[in-house]
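Student: Just one file: protein-v6.cif, with mmCIF, C-alpha atoms.
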data_run
#
loop_
_atom_site.group_PDB
_atom_site.id
_atom_site.type_symbol
_atom_site.label_atom_id
_atom_site.label_comp_id
_atom_site.auth_asym_id
_atom_site.auth_seq_id
_atom_site.Cartn_x
_atom_site.Cartn_y
_atom_site.Cartn_z
ATOM 1 C CA PRO A 1 0.000 0.000 0.000
ATOM 2 C CA ASN A 2 1.083 3.586 -0.563
ATOM 3 C CA SER A 3 1.176 6.328 2.065
ATOM 4 C CA ASP A 4 -2.348 7.504 1.190
ATOM 5 C CA ASP A 5 -4.056 4.149 1.804
ATOM 6 C CA LEU A 6 -6.333 3.821 4.824
ATOM 7 C CA ILE A 7 -5.583 0.758 6.926
ATOM 8 C CA TRP A 8 -7.308 0.264 10.274
ATOM 9 C CA PHE A 9 -7.989 -2.395 12.877
ATOM 10 C CA GLY A 10 -10.075 -2.367 16.032
ATOM 11 C CA LEU A 11 -9.334 -3.680 19.510
ATOM 12 C CA ASN A 12 -11.937 -4.300 22.195
ATOM 13 C CA TYR A 13 -11.508 -3.398 25.855
ATOM 14 C CA ASN A 14 -9.647 -6.679 26.415
ATOM 15 C CA GLY A 15 -7.143 -5.884 23.684
ATOM 16 C CA ARG A 16 -8.547 -8.430 21.241
ATOM 17 C CA SER A 17 -8.967 -7.568 17.573
ATOM 18 C CA PHE A 18 -12.567 -7.544 16.307
ATOM 19 C CA ALA A 19 -12.238 -6.046 12.812
ATOM 20 C CA SER A 20 -9.822 -4.626 10.250
ATOM 21 C CA ALA A 21 -9.905 -3.305 6.709
ATOM 22 C CA SER A 22 -7.939 -1.398 4.102
ATOM 23 C CA ASN A 23 -9.204 1.348 1.797
ATOM 24 C CA GLU A 24 -12.612 1.170 3.470
ATOM 25 C CA ASP A 25 -13.872 3.638 6.057
ATOM 26 C CA PRO A 26 -14.956 2.009 9.334
ATOM 27 C CA ARG A 27 -18.667 2.171 10.201
ATOM 28 C CA LEU A 28 -18.065 3.856 13.531
ATOM 29 C CA LEU A 29 -21.541 3.625 15.075
ATOM 30 C CA GLU A 30 -21.871 -0.040 14.147
ATOM 31 C CA ILE A 31 -18.446 -0.716 15.675
ATOM 32 C CA LEU A 32 -19.399 1.059 18.895
ATOM 33 C CA GLY A 33 -22.757 -0.726 19.139
ATOM 34 C CA GLN A 34 -21.297 -4.161 18.520
ATOM 35 C CA ASN A 35 -17.850 -4.080 20.092
ATOM 36 C CA LEU A 36 -17.221 -0.928 22.134
ATOM 37 C CA ARG A 37 -20.294 -0.580 24.308
ATOM 38 C CA PRO A 38 -20.248 1.868 27.252
ATOM 39 C CA ALA A 39 -18.391 0.627 30.311
ATOM 40 C CA GLU A 40 -20.912 2.157 32.714
ATOM 41 C CA LEU A 41 -24.592 3.053 32.790
ATOM 42 C CA LEU A 42 -25.631 6.187 30.928
ATOM 43 C CA ASP A 43 -27.830 8.797 32.568
ATOM 44 C CA GLU A 44 -30.413 11.241 31.261
ATOM 45 C CA THR A 45 -28.817 13.995 33.359
ATOM 46 C CA ASP A 46 -25.361 13.691 31.767
ATOM 47 C CA GLU A 47 -24.225 17.182 30.788
ATOM 48 C CA ASN A 48 -23.027 18.287 27.369
ATOM 49 C CA GLU A 49 -19.317 18.094 26.738
ATOM 50 C CA GLY A 50 -17.547 21.188 28.038
ATOM 51 C CA THR A 51 -15.858 23.891 25.978
ATOM 52 C CA THR A 52 -13.172 24.875 28.499
ATOM 53 C CA GLY A 53 -9.939 25.828 26.761
ATOM 54 C CA MET A 54 -11.514 26.268 23.342
ATOM 55 C CA ASN A 55 -11.153 29.569 21.525
ATOM 56 C CA GLU A 56 -14.122 31.918 21.357
ATOM 57 C CA ASP A 57 -14.891 31.315 17.679
ATOM 58 C CA TYR A 58 -14.935 27.535 18.127
ATOM 59 C CA VAL A 59 -17.195 27.828 21.174
ATOM 60 C CA LYS A 60 -19.601 29.975 19.158
ATOM 61 C CA LEU A 61 -19.666 27.419 16.333
ATOM 62 C CA THR A 62 -20.180 24.590 18.823
ATOM 63 C CA ASN A 63 -23.078 26.315 20.560
ATOM 64 C CA ASN A 64 -24.638 27.102 17.213
ATOM 65 C CA ILE A 65 -24.501 23.532 15.926
ATOM 66 C CA LEU A 66 -25.809 22.112 19.222
ATOM 67 C CA LYS A 67 -28.724 24.532 18.988
ATOM 68 C CA SER A 68 -29.479 23.075 15.551
ATOM 69 C CA GLN A 69 -29.328 19.599 17.079
ATOM 70 C CA GLN A 70 -31.920 20.637 19.675
ATOM 71 C CA THR A 71 -34.145 21.990 16.884
ATOM 72 C CA PHE A 72 -33.968 18.623 15.115
ATOM 73 C CA TYR A 73 -34.969 16.695 18.233
ATOM 74 C CA LYS A 74 -37.803 19.105 18.992
ATOM 75 C CA SER A 75 -39.252 18.496 15.522
ATOM 76 C CA LEU A 76 -38.707 14.748 15.880
ATOM 77 C CA THR A 77 -40.384 14.308 19.252
ATOM 78 C CA GLU A 78 -43.249 16.721 18.550
ATOM 79 C CA GLY A 79 -43.996 15.403 15.074
ATOM 80 C CA ASP A 80 -43.310 18.730 13.368
ATOM 81 C CA LEU A 81 -43.058 17.830 9.678
ATOM 82 C CA ASN A 82 -42.460 21.396 8.514
ATOM 83 C CA GLY A 83 -39.716 21.807 11.105
ATOM 84 C CA MET A 84 -38.113 18.556 9.957
ATOM 85 C CA LYS A 85 -38.169 19.664 6.317
ATOM 86 C CA SER A 86 -36.624 22.982 7.347
ATOM 87 C CA ILE A 87 -33.728 21.499 9.330
ATOM 88 C CA PHE A 88 -32.719 18.901 6.727
ATOM 89 C CA SER A 89 -30.533 19.505 3.692
ATOM 90 C CA SER A 90 -32.005 18.420 0.365
ATOM 91 C CA LYS A 91 -28.801 16.469 -0.256
ATOM 92 C CA LYS A 92 -29.322 12.708 -0.460
ATOM 93 C CA ALA A 93 -27.057 10.817 1.941
ATOM 94 C CA GLU A 94 -24.993 8.069 0.339
ATOM 95 C CA GLU A 95 -25.590 5.888 3.394
ATOM 96 C CA ILE A 96 -29.330 5.940 2.623
ATOM 97 C CA SER A 97 -29.058 5.671 -1.147
ATOM 98 C CA GLU A 98 -26.938 2.526 -0.961
ATOM 99 C CA ILE A 99 -29.809 0.790 0.861
ATOM 100 C CA VAL A 100 -32.619 2.165 -1.306
ATOM 101 C CA ASP A 101 -30.762 1.429 -4.549
ATOM 102 C CA THR A 102 -30.482 -2.252 -3.612
ATOM 103 C CA GLY A 103 -34.190 -2.607 -2.862
ATOM 104 C CA GLY A 104 -34.366 -1.446 0.748
ATOM 105 C CA ARG A 105 -37.479 0.323 1.993
ATOM 106 C CA ILE A 106 -37.450 3.917 3.156
ATOM 107 C CA ASP A 107 -40.169 5.288 5.441
ATOM 108 C CA ALA A 108 -40.971 8.904 4.571
ATOM 109 C CA TRP A 109 -41.020 11.471 7.368
ATOM 110 C CA GLU A 110 -44.776 11.815 6.882
ATOM 111 C CA SER A 111 -45.167 8.297 8.329
ATOM 112 C CA CYS A 112 -42.213 8.462 10.744
ATOM 113 C CA LEU A 113 -43.696 11.448 12.589
ATOM 114 C CA VAL A 114 -47.253 10.235 13.127
ATOM 115 C CA GLU A 115 -48.412 9.927 16.721
ATOM 116 C CA ASP A 116 -47.922 6.176 17.135
ATOM 117 C CA ALA A 117 -44.525 6.148 15.419
ATOM 118 C CA ARG A 118 -42.475 9.146 16.577
ATOM 119 C CA PRO A 119 -40.446 8.965 19.820
ATOM 120 C CA ALA A 120 -42.611 11.412 21.802
ATOM 121 C CA GLY A 121 -41.127 12.284 25.173
ATOM 122 C CA MET A 122 -37.640 11.120 24.267
ATOM 123 C CA VAL A 123 -34.813 12.799 26.192
ATOM 124 C CA ILE A 124 -31.240 13.317 25.008
ATOM 125 C CA SER A 125 -28.088 14.002 27.030
ATOM 126 C CA GLY A 126 -24.328 14.238 26.692
ATOM 127 C CA SER A 127 -24.385 16.216 23.453
ATOM 128 C CA ASP A 128 -21.039 16.930 21.809
ATOM 129 C CA ALA A 129 -19.916 18.567 18.568
ATOM 130 C CA LEU A 130 -16.963 18.327 16.225
ATOM 131 C CA ILE A 131 -16.463 21.253 13.856
ATOM 132 C CA VAL A 132 -14.425 19.899 10.939
ATOM 133 C CA SER A 133 -14.555 23.123 8.930
ATOM 134 C CA PRO A 134 -16.766 26.223 8.636
ATOM 135 C CA THR A 135 -19.045 24.174 6.364
ATOM 136 C CA LYS A 136 -18.908 20.659 7.866
ATOM 137 C CA ALA A 137 -19.657 19.422 11.388
ATOM 138 C CA PHE A 138 -20.778 16.399 13.392
ATOM 139 C CA THR A 139 -22.831 16.095 16.578
ATOM 140 C CA THR A 140 -23.483 13.180 18.901
ATOM 141 C CA CYS A 141 -25.713 12.473 21.890
ATOM 142 C CA ILE A 142 -27.356 9.677 23.835
ATOM 143 C CA GLU A 143 -31.081 9.099 23.288
ATOM 144 C CA PHE A 144 -33.415 7.901 26.040
ATOM 145 C CA PRO A 145 -36.724 6.917 24.383
ATOM 146 C CA ALA A 146 -39.714 7.231 26.717
ATOM 147 C CA ASN A 147 -41.790 4.392 25.254
ATOM 148 C CA VAL A 148 -41.089 0.673 25.613
ATOM 149 C CA GLY A 149 -41.175 -1.363 22.387
ATOM 150 C CA GLY A 150 -41.429 0.954 19.375
ATOM 151 C CA TYR A 151 -38.464 3.220 18.817
ATOM 152 C CA SER A 152 -36.719 2.074 21.986
ATOM 153 C CA ASP A 153 -35.159 -1.264 22.822
ATOM 154 C CA PRO A 154 -37.669 -3.402 24.809
ATOM 155 C CA SER A 155 -34.882 -4.182 27.280
ATOM 156 C CA GLY A 156 -34.467 -0.487 27.984
ATOM 157 C CA ALA A 157 -31.268 0.064 26.029
ATOM 158 C CA THR A 158 -30.257 3.615 25.273
ATOM 159 C CA LEU A 159 -29.344 4.767 21.777
ATOM 160 C CA LEU A 160 -26.145 6.380 20.534
ATOM 161 C CA ALA A 161 -26.916 9.015 17.892
ATOM 162 C CA ASN A 162 -24.750 10.828 15.371
ATOM 163 C CA GLN A 163 -25.601 13.671 13.009
ATOM 164 C CA ARG A 164 -23.681 15.092 10.043
ATOM 165 C CA TRP A 165 -24.205 18.770 9.190
ATOM 166 C CA GLY A 166 -23.240 20.916 6.233
ATOM 167 C CA ARG A 167 -23.696 24.318 4.651
ATOM 168 C CA ARG A 168 -22.386 26.032 1.526
ATOM 169 C CA SER A 169 -20.862 29.015 3.352
ATOM 170 C CA PRO A 170 -20.279 30.189 6.948
ATOM 171 C CA GLU A 171 -23.030 32.775 6.472
ATOM 172 C CA GLU A 172 -25.717 30.119 5.988
ATOM 173 C CA GLU A 173 -27.581 28.069 8.604
ATOM 174 C CA TRP A 174 -26.421 24.530 9.318
ATOM 175 C CA LYS A 175 -28.456 21.853 7.531
ATOM 176 C CA LEU A 176 -28.731 18.252 8.681
ATOM 177 C CA GLU A 177 -27.428 15.846 6.030
ATOM 178 C CA TYR A 178 -27.525 12.519 7.882
ATOM 179 C CA HIS A 179 -28.808 11.096 11.174
ATOM 180 C CA GLN A 180 -28.022 7.633 12.544
ATOM 181 C CA THR A 181 -28.763 5.804 15.776
ATOM 182 C CA ILE A 182 -27.766 2.443 17.202
ATOM 183 C CA PRO A 183 -28.619 0.724 20.525
ATOM 184 C CA TRP A 184 -25.800 1.395 22.992
ATOM 185 C CA SER A 185 -25.781 -0.056 26.492
ATOM 186 C CA PRO A 186 -23.342 -2.012 28.661
ATOM 187 C CA ASP A 187 -25.461 -5.173 28.653
ATOM 188 C CA THR A 188 -26.546 -5.814 25.068
ATOM 189 C CA ARG A 189 -24.964 -5.773 21.616
ATOM 190 C CA ALA A 190 -26.721 -3.696 18.978
ATOM 191 C CA GLY A 191 -29.147 -5.670 16.832
ATOM 192 C CA GLY A 192 -29.738 -3.011 14.206
ATOM 193 C CA THR A 193 -29.232 0.572 13.142
ATOM 194 C CA LEU A 194 -31.402 3.430 11.908
ATOM 195 C CA ARG A 195 -30.314 5.818 9.127
ATOM 196 C CA CYS A 196 -32.173 8.980 8.097
ATOM 197 C CA ASP A 197 -31.870 11.877 5.666
ATOM 198 C CA SER A 198 -34.306 14.370 4.141
ATOM 199 C CA ARG A 199 -36.254 11.549 2.448
ATOM 200 C CA GLY A 200 -36.994 9.618 5.639
ATOM 201 C CA CYS A 201 -35.480 6.629 7.441
ATOM 202 C CA VAL A 202 -34.297 3.117 6.682
ATOM 203 C CA ALA A 203 -33.836 0.472 9.349
ATOM 204 C CA LEU A 204 -31.302 -2.339 9.248
ATOM 205 C CA THR A 205 -32.170 -4.967 11.825
ATOM 206 C CA ARG A 206 -31.785 -8.671 12.444
ATOM 207 C CA GLY A 207 -35.149 -8.930 14.150
ATOM 208 C CA LYS A 208 -38.784 -8.935 13.090
ATOM 209 C CA GLU A 209 -39.858 -5.618 11.585
ATOM 210 C CA LYS A 210 -42.130 -3.295 13.546
ATOM 211 C CA ARG A 211 -44.067 -0.288 12.315
ATOM 212 C CA THR A 212 -42.493 2.412 14.429
ATOM 213 C CA PHE A 213 -40.161 5.321 13.826
ATOM 214 C CA GLY A 214 -37.482 3.338 12.037
ATOM 215 C CA GLY A 215 -38.517 -0.001 13.530
ATOM 216 C CA LEU A 216 -34.997 -0.273 14.905
ATOM 217 C CA ILE A 217 -35.449 -3.138 17.344
ATOM 218 C CA GLY A 218 -37.178 -6.394 16.535
#
Kindly transcribe the structure held in the file into structure tokens.
Tutor:
Amino acid sequence: PNSDDLIWFGLNYNGRSFASASNEDPRLLEILGQNLRPAELLDETDENEGTTGMNEDYVKLTNNILKSQQTFYKSLTEGDLNGMKSIFSSKKAEEISEIVDTGGRIDAWESCLVEDARPAGMVISGSDALIVSPTKAFTTCIEFPANVGGYSDPSGATLLANQRWGRRSPEEEWKLEYHQTIPWSPDTRAGGTLRCDSRGCVALTRGKEKRTFGGLIG
């Protein structure tokens, strides 16, 4: 391989290798859900990651993107379709297209946000942001769905969520390009993952499908 090739391997907490690849980006959320689960229980009261030591401009960008994350979750939990359309970029995420193009089903936001499907009452905590550039950023958080069954894991597992944001210039508002969740708890390995973009959501799961927001757990 030349110096530009990507080669990676993963070790679990016991130092054992669980995966490796070359010239292929790792699916980070899937890796975390399957092999690097949290070492301790997560709590709804966990605070956002601090900004101590960061320069003023970076703190401003971080606060701005986390505000956009809150706007997304408000629309999601309240079933605000117009708000969801406003927060999302029109850009089609490759992670969604690769499923749809091979015959996978996508649930449009119109059905994801109806009363018996959306995660009403869900709480998030531990939000964090990574500003890659003035036009690209990522956010993460832990989701605590209020309902049992549906969107949440019947065993009570929490969900690790990641969002990718973009904009054409620093003067524009951040737009959500991609949202993904995966069950993340100390006791259980993830059995599926949920991927969403402006079109709606697709669920990849090993279990029996359910008609819920994403139908993540079967």
Student: Any chance you could resolve the PyMOL selection byres ((chain A and resi 104) around 12) against this file and give the residues as a list in words?
Tutor: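 So the PyMOL selection byres ((chain A and resi 104) around 12) ends up selecting Glu95, Ile96, Ser97, Glu98, Ile99, Val100, Asp101, Thr102, Gly103, Arg105, Ile106, Asp107, Arg195, Cys201, Val202, Ala203, Leu204 and Thr205 of chain A.
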Student: Which distance in Å separates CA of Cys112 in chain A and CA of Gln70 in chain A, to one decimal?
Tutor: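 The value is 18.3 Å.
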Student: I need the residue nearest Ala117 in chain A from this list: A:Ile142, A:Leu76, A:Ala93, A:Ile87. Use all atoms listed in the file for the distance.
Tutor: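 Ranked by minimum distance to Ala117 in chain A, first place goes to A:Leu76.
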Student: Could you check the closest approach to Leu113 in chain A for each of A:Gln69, A:Glu172, A:Lys92, A:Gly200 and tell me which residue wins, using only C-alpha atoms?
Tutor: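 Ranked by minimum distance to Leu113 in chain A, first place goes to A:Gly200.
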Student: State, in Å with one decimal place, the distance from CA of Asn48 in chain A to CA of Ser68 in chain A.
Tutor: 14.3 Å
Student: A:Val123, A:Leu66, A:Ala108, A:Ala161: which is nearest Thr140 in chain A, counting all atoms listed in the file?
Tutor: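 Smallest distance to Thr140 in chain A is found for A:Ala161.
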Student: Enter the distance from CA of Trp109 in chain A to CA of Gly192 in chain A, in Å, rounded to one decimal.
Tutor: 19.6 Å
Student: Nearest to Pro145 in chain A: which of A:Asn55, A:Thr77, A:Gly15, A:Gly166 is it, counting only C-alpha atoms?
Tutor: A:Thr77
Student: Counting all atoms listed in the file, what is within 10 Å of Ile131 in chain A, bar same-chain residues fewer than 2 positions away, as a list in words?
Tutor: Tyr58, Val59, Leu61, Thr62, Ile65, Ala129, Ser133, Pro134, Thr135, Lys136, Ala137, Phe138, Thr139 and Trp165 of chain A
Student: Using the chain letters and numbers from this file, what does the PyMOL selection byres ((chain A and resi 125) around 6) select? Give the answer as a PyMOL selection string.
Tutor: chain A and resi 44+46+124+126-127+141-142
Student: Of the residues A:Leu81, A:Tyr73, A:Glu115, A:Glu110, which is the one nearest to Gln163 in chain A, using only C-alpha atoms?
Tutor: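 With only C-alpha atoms as the atom set, the closest residue is A:Tyr73.
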Student: Check the smallest atom-to-atom distance from each of A:Asn63, A:Ser198, A:Ser17, A:Ser75 to Leu130 in chain A using only C-alpha atoms, then report the winner.
Tutor: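 Ranking A:Asn63, A:Ser198, A:Ser17, A:Ser75 by distance to Leu130 in chain A, first place goes to A:Asn63.
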Student: Starting from 3 Å padding per side, set up an axis-aligned box that covers all listed atoms of range 76-84 of chain A and hand over centre and edge lengths in Å, one decimal, as lines of an AutoDock Vina configuration file.
Tutor:
center_x = -41.1
center_y = 18.1
center_z = 13.9
size_x = 11.9
size_y = 13.5
size_z = 16.7
